[in-house]
Amino acid sequence: MYKDFPEFVTSEACLQCDGCCRFSDDKSVWRPKVGKEELTDSIRNDIGEEFCLRTIDKNNQAQCVFFRETNNKCSIYPNRPFDCRLYPFVLLKEKNRRFLSVHKMCPYVSSKHNSEEFKKAVCEIKKYMNGKSIKIFVSQNRHLFGEYVNYRNELEVLFEIE
Ligand code: SF4
């Protein structure tokens with residue numbers, strides 16, 4: 001399912017950033033949500049409420065249980081959930097409609113916004129989201145769509161998802 005996933009943010013940019021994988025609290029809407037098919041042995045025991053990855057309190061943050069502060073890396077990177085792969089693109093639910101949005105606060109997004117590179121990335125993610133296996137996955141895991149009510153102004157809707 002992830003074979004043709006179009007990566008947008010470079011690993012280099014991700015590793016220099018201190019935004020992802022750390023949340024304000026253990027109920028944060030930004031905690032990664034996990035699809036039912038993604039409950040592999042490495043993840044199964046670390047699922048908390050609402051199919052979100054569990055966090056641990058550290059340095060006044062709720063850090064994803066798989067985040068390693070020593071190297072700023074994800075310890076399950078090859079098996080990380082779809083929600084993590086997708087970021088800075090975000091599955092958004094509003095009333096009865098569902099969208100793919102982008103988190104404008106991601107430093108990489110804000111540096112590329114309105115660039116040709118960003119437009120190309122949006123085209124590629126749209127094509128990917130229209131693939132047969134990902135459409136089935138998303139339709140069977142509606143809990144992956146968050147409401148982000150308190151962060152709505154940080155999200156820009158890109159296109160609707162059926
Ligand atoms: S699973 Fe990995 S990429 Fe996803 S939030 Fe946790 S540490 Fe970050």
# chains A, B, ... in the order shown; residues from 1 in each chain; ligands from 1
>>> residues_near_ligand(ligand="ligand 1", cutoff="10 Å", atoms="only C-alpha atoms and all ligand atoms", output="tab-separated table (two decimals) with N, CA and C atoms, in the first residue's frame")
chain	number	residue	atom	x	y	z
A	19	GLY	N	9.37	19.64	15.56
A	19	GLY	CA	7.93	19.77	15.65
A	19	GLY	C	7.19	18.45	15.76
A	20	CYS	N	7.56	17.49	14.95
A	20	CYS	CA	6.77	16.26	14.86
A	20	CYS	C	7.06	15.29	16.01
A	21	CYS	N	6.13	14.38	16.17
A	21	CYS	CA	6.28	13.25	17.11
A	21	CYS	C	6.21	13.66	18.58
A	22	ARG	N	6.10	14.94	18.86
A	22	ARG	CA	5.99	15.47	20.22
A	22	ARG	C	4.75	16.36	20.28
A	23	PHE	N	3.97	16.15	21.32
A	23	PHE	CA	2.66	16.79	21.37
A	23	PHE	C	2.50	17.55	22.69
A	30	TRP	N	-3.26	15.77	17.46
A	30	TRP	CA	-2.17	15.52	16.50
A	30	TRP	C	-1.51	14.16	16.70
A	31	ARG	N	-1.84	13.45	17.77
A	31	ARG	CA	-1.23	12.12	17.94
A	31	ARG	C	-1.59	11.26	16.73
A	32	PRO	N	-0.63	10.49	16.20
A	32	PRO	CA	-0.93	9.69	15.01
A	32	PRO	C	-2.01	8.65	15.28
A	33	LYS	N	-2.93	8.57	14.33
A	33	LYS	CA	-3.98	7.58	14.41
A	33	LYS	C	-3.54	6.38	13.58
A	34	VAL	N	-3.95	5.21	13.99
A	34	VAL	CA	-3.47	3.98	13.36
A	34	VAL	C	-4.63	3.24	12.71
A	43	ILE	N	3.39	-2.43	16.87
A	43	ILE	CA	2.54	-1.30	17.22
A	43	ILE	C	1.41	-1.70	18.18
A	52	CYS	N	-5.05	5.88	18.67
A	52	CYS	CA	-3.86	6.73	18.56
A	52	CYS	C	-2.67	6.05	19.22
A	53	LEU	N	-1.48	6.39	18.73
A	53	LEU	CA	-0.28	5.86	19.36
A	53	LEU	C	-0.16	6.43	20.77
A	54	ARG	N	0.33	5.61	21.67
A	54	ARG	CA	0.53	6.03	23.05
A	54	ARG	C	1.66	7.05	23.14
A	55	THR	N	1.58	7.91	24.13
A	55	THR	CA	2.67	8.89	24.33
A	55	THR	C	3.26	8.69	25.73
A	63	GLN	N	5.50	12.70	24.26
A	63	GLN	CA	6.26	12.21	23.10
A	63	GLN	C	5.71	10.87	22.65
A	64	CYS	N	5.65	10.70	21.33
A	64	CYS	CA	5.25	9.39	20.81
A	64	CYS	C	6.17	8.35	21.40
A	65	VAL	N	5.60	7.23	21.78
A	65	VAL	CA	6.36	6.17	22.44
A	65	VAL	C	7.50	5.64	21.54
A	66	PHE	N	7.39	5.87	20.25
A	66	PHE	CA	8.41	5.37	19.31
A	66	PHE	C	9.46	6.43	18.95
A	67	PHE	N	9.31	7.63	19.49
A	67	PHE	CA	10.27	8.68	19.17
A	67	PHE	C	11.52	8.53	20.03
A	68	ARG	N	12.70	8.69	19.42
A	68	ARG	CA	13.96	8.60	20.15
A	68	ARG	C	14.64	9.96	20.15
A	69	GLU	N	14.68	10.54	21.35
A	69	GLU	CA	15.22	11.89	21.50
A	69	GLU	C	16.71	11.95	21.16
A	72	ASN	N	16.65	12.02	17.35
A	72	ASN	CA	15.53	12.72	16.71
A	72	ASN	C	14.82	11.83	15.69
A	73	LYS	N	14.90	10.51	15.88
A	73	LYS	CA	14.35	9.60	14.87
A	73	LYS	C	13.22	8.73	15.41
A	74	CYS	N	12.48	8.19	14.47
A	74	CYS	CA	11.40	7.25	14.76
A	74	CYS	C	11.99	5.84	14.82
A	75	SER	N	11.72	5.11	15.90
A	75	SER	CA	12.32	3.78	16.05
A	75	SER	C	11.59	2.71	15.23
A	76	ILE	N	10.46	3.06	14.64
A	76	ILE	CA	9.75	2.08	13.79
A	76	ILE	C	9.58	2.66	12.38
A	77	TYR	N	10.50	3.50	11.99
A	77	TYR	CA	10.35	4.28	10.75
A	77	TYR	C	9.82	3.47	9.55
A	78	PRO	N	10.40	2.30	9.23
A	78	PRO	CA	9.90	1.57	8.05
A	78	PRO	C	8.45	1.09	8.23
A	79	ASN	N	8.02	0.97	9.48
A	79	ASN	CA	6.66	0.47	9.76
A	79	ASN	C	5.75	1.53	10.37
A	80	ARG	N	6.14	2.78	10.25
A	80	ARG	CA	5.33	3.84	10.88
A	80	ARG	C	3.95	3.89	10.21
A	81	PRO	N	2.94	4.31	10.98
A	81	PRO	CA	1.57	4.32	10.44
A	81	PRO	C	1.41	5.31	9.27
A	82	PHE	N	0.38	5.07	8.52
A	82	PHE	CA	0.06	5.91	7.36
A	82	PHE	C	-0.06	7.38	7.76
A	83	ASP	N	-0.69	7.63	8.91
A	83	ASP	CA	-0.88	9.01	9.37
A	83	ASP	C	0.46	9.74	9.51
A	84	CYS	N	1.50	9.03	9.95
A	84	CYS	CA	2.84	9.62	10.09
A	84	CYS	C	3.46	9.85	8.72
A	85	ARG	N	3.29	8.91	7.82
A	85	ARG	CA	3.85	9.06	6.46
A	85	ARG	C	3.23	10.26	5.77
A	86	LEU	N	1.94	10.42	6.01
A	86	LEU	CA	1.18	11.43	5.29
A	86	LEU	C	1.58	12.86	5.69
A	87	TYR	N	1.88	13.07	6.97
A	87	TYR	CA	2.18	14.42	7.44
A	87	TYR	C	3.31	15.04	6.61
>>> closest_atom_pairs(of="segment 6-99 of chain A", to="segment 136-145 of chain A", cutoff="6 Å", atoms="only C-alpha atoms", output="tab-separated table")
residue	atom	partner	partner_atom	distance
A:Lys33	CA	A:Leu144	CA	5.6
A:Gly35	CA	A:Asn141	CA	5.8
A:Leu91	CA	A:Phe145	CA	4.7
A:Leu92	CA	A:Phe145	CA	5.0
A:Lys93	CA	A:Phe145	CA	5.3
>>> write_last_selection(atoms="N, CA and C atoms", output="tab-separated table (two decimals), in the first residue's frame")
chain	number	residue	atom	x	y	z
A	33	LYS	N	-2.93	8.57	14.33
A	33	LYS	CA	-3.98	7.58	14.41
A	33	LYS	C	-3.54	6.38	13.58
A	35	GLY	N	-4.43	2.82	11.46
A	35	GLY	CA	-5.44	2.04	10.76
A	35	GLY	C	-5.51	0.62	11.31
A	91	LEU	N	-5.49	14.25	7.21
A	91	LEU	CA	-6.87	13.85	6.91
A	91	LEU	C	-7.81	14.63	7.83
A	92	LEU	N	-8.68	15.40	7.23
A	92	LEU	CA	-9.54	16.33	7.98
A	92	LEU	C	-11.01	15.99	7.76
A	93	LYS	N	-11.75	16.02	8.88
A	93	LYS	CA	-13.21	15.79	8.79
A	93	LYS	C	-13.91	17.08	9.18
>>> closest_atom_pairs(of="segment 89-151 of chain A", to="segment 6-18 of chain A", cutoff="8 Å", atoms="only C-alpha atoms", output="tab-separated table")
residue	atom	partner	partner_atom	distance
A:Pro107	CA	A:Cys17	CA	7.9
A:Tyr108	CA	A:Val9	CA	6.6
A:Ala121	CA	A:Phe8	CA	6.2
A:Glu124	CA	A:Pro6	CA	6.4
A:Ile125	CA	A:Pro6	CA	6.3
A:Tyr128	CA	A:Pro6	CA	7.4
>>> write_last_selection(atoms="C-alpha atoms", output="PDB file, in the first residue's frame")
ATOM      1  CA  PRO A 107       8.348  24.676   8.382  1.00  0.00           C
ATOM      2  CA  TYR A 108       8.989  22.765   5.153  1.00  0.00           C
ATOM      3  CA  ALA A 121       3.551  17.368  -4.456  1.00  0.00           C
ATOM      4  CA  GLU A 124       1.224  13.442  -6.628  1.00  0.00           C
ATOM      5  CA  ILE A 125      -0.532  12.971  -3.301  1.00  0.00           C
ATOM      6  CA  TYR A 128      -1.800   8.443  -4.695  1.00  0.00           C
TER       7      TYR A 128
END
>>> select_by_dssp(residues="chain A", states="helix (DSSP H, G or I)", output="PyMOL selection string")
chain A and resi 11-16+36-38+41-44+49-51+77-79+82-86+107-112+116-129+132-139+142-144+149-154
>>> residues_around(residues="Asp57 of chain A", least_positions_apart="4", cutoff="9 Å", atoms="only C-alpha atoms", output="list of chain:residue names")
A:Asp25, A:Asp26, A:Gln61, A:Ala62, A:Gln63
>>> closest_residue(among="A:Phe159, A:Tyr148, A:Phe89, A:Phe51", to="Leu39 of chain A", atoms="only C-alpha atoms")
A:Phe51
>>> closest_residue(among="A:Phe118, A:Lys132, A:Leu100, A:His113", to="Val157 of chain A", atoms="only C-alpha atoms")
A:Leu100
>>> select_by_dssp(residues="segment 4-107 of chain A", states="strand (DSSP E)", output="compact mmCIF listing (two decimals) with N, CA and C atoms, in the first residue's frame")
# COMPACT_ATOMS: atom_id res chain seq x y z
N ARG A 22 6.10 14.94 18.86
CA ARG A 22 5.99 15.47 20.22
C ARG A 22 4.75 16.36 20.28
N PHE A 23 3.97 16.15 21.32
CA PHE A 23 2.66 16.79 21.37
C PHE A 23 2.50 17.55 22.69
N THR A 55 1.58 7.91 24.13
CA THR A 55 2.67 8.89 24.33
C THR A 55 3.26 8.69 25.73
N ILE A 56 4.46 9.21 25.91
CA ILE A 56 5.05 9.22 27.26
C ILE A 56 5.42 10.66 27.60
N ASP A 57 5.26 11.02 28.87
CA ASP A 57 5.58 12.39 29.31
C ASP A 57 7.08 12.55 29.44
N LYS A 58 7.62 13.53 28.74
CA LYS A 58 9.06 13.77 28.78
C LYS A 58 9.31 15.22 28.40
N GLN A 61 6.51 17.43 27.45
CA GLN A 61 5.81 17.11 26.20
C GLN A 61 5.23 15.70 26.33
N ALA A 62 4.27 15.42 25.47
CA ALA A 62 3.81 14.03 25.34
C ALA A 62 4.48 13.50 24.08
N GLN A 63 5.50 12.70 24.26
CA GLN A 63 6.26 12.21 23.10
C GLN A 63 5.71 10.87 22.65
N CYS A 64 5.65 10.70 21.33
CA CYS A 64 5.25 9.39 20.81
C CYS A 64 6.17 8.35 21.40
N PHE A 67 9.31 7.63 19.49
CA PHE A 67 10.27 8.68 19.17
C PHE A 67 11.52 8.53 20.03
N ARG A 68 12.70 8.69 19.42
CA ARG A 68 13.96 8.60 20.15
C ARG A 68 14.64 9.96 20.15
N LYS A 73 14.90 10.51 15.88
CA LYS A 73 14.35 9.60 14.87
C LYS A 73 13.22 8.73 15.41
N CYS A 74 12.48 8.19 14.47
CA CYS A 74 11.40 7.25 14.76
C CYS A 74 11.99 5.84 14.82
N PHE A 89 0.65 16.41 5.19
CA PHE A 89 -0.73 16.30 4.72
C PHE A 89 -1.54 15.65 5.82
N VAL A 90 -2.76 16.10 5.99
CA VAL A 90 -3.56 15.73 7.16
C VAL A 90 -4.98 15.37 6.71
N LEU A 91 -5.49 14.25 7.21
CA LEU A 91 -6.87 13.85 6.91
C LEU A 91 -7.81 14.63 7.83
N LEU A 92 -8.68 15.40 7.23
CA LEU A 92 -9.54 16.33 7.98
C LEU A 92 -11.01 15.99 7.76
N LYS A 93 -11.75 16.02 8.88
CA LYS A 93 -13.21 15.79 8.79
C LYS A 93 -13.91 17.08 9.18
N GLU A 94 -14.90 17.47 8.37
CA GLU A 94 -15.66 18.67 8.69
C GLU A 94 -17.12 18.41 8.37
N ARG A 97 -18.17 15.86 5.68
CA ARG A 97 -17.28 15.78 4.53
C ARG A 97 -15.84 15.51 4.98
N ARG A 98 -15.08 14.89 4.09
CA ARG A 98 -13.70 14.53 4.41
C ARG A 98 -12.76 15.12 3.38
N PHE A 99 -11.62 15.57 3.86
CA PHE A 99 -10.68 16.27 2.98
C PHE A 99 -9.24 15.84 3.24
N LEU A 100 -8.39 16.08 2.23
CA LEU A 100 -6.97 16.08 2.49
C LEU A 100 -6.57 17.54 2.62
N SER A 101 -5.89 17.84 3.72
CA SER A 101 -5.45 19.22 3.96
C SER A 101 -3.94 19.20 4.14
N VAL A 102 -3.37 20.38 4.27
CA VAL A 102 -1.93 20.47 4.55
C VAL A 102 -1.75 21.37 5.78
N HIS A 103 -0.80 20.97 6.62
CA HIS A 103 -0.53 21.75 7.83
C HIS A 103 0.44 22.86 7.49
>>> closest_residue(among="A:Val149, A:Met129, A:Leu158, A:Ile134", to="Lys95 of chain A", atoms="only C-alpha atoms")
A:Val149
>>> atom_distance(atom1="atom CA of Lys104 of chain A", atom2="atom CA of Glu156 of chain A")
6.9 Å
>>> atom_distance(atom1="atom CA of Val109 of chain A", atom2="atom CA of Pro88 of chain A")
7.4 Å
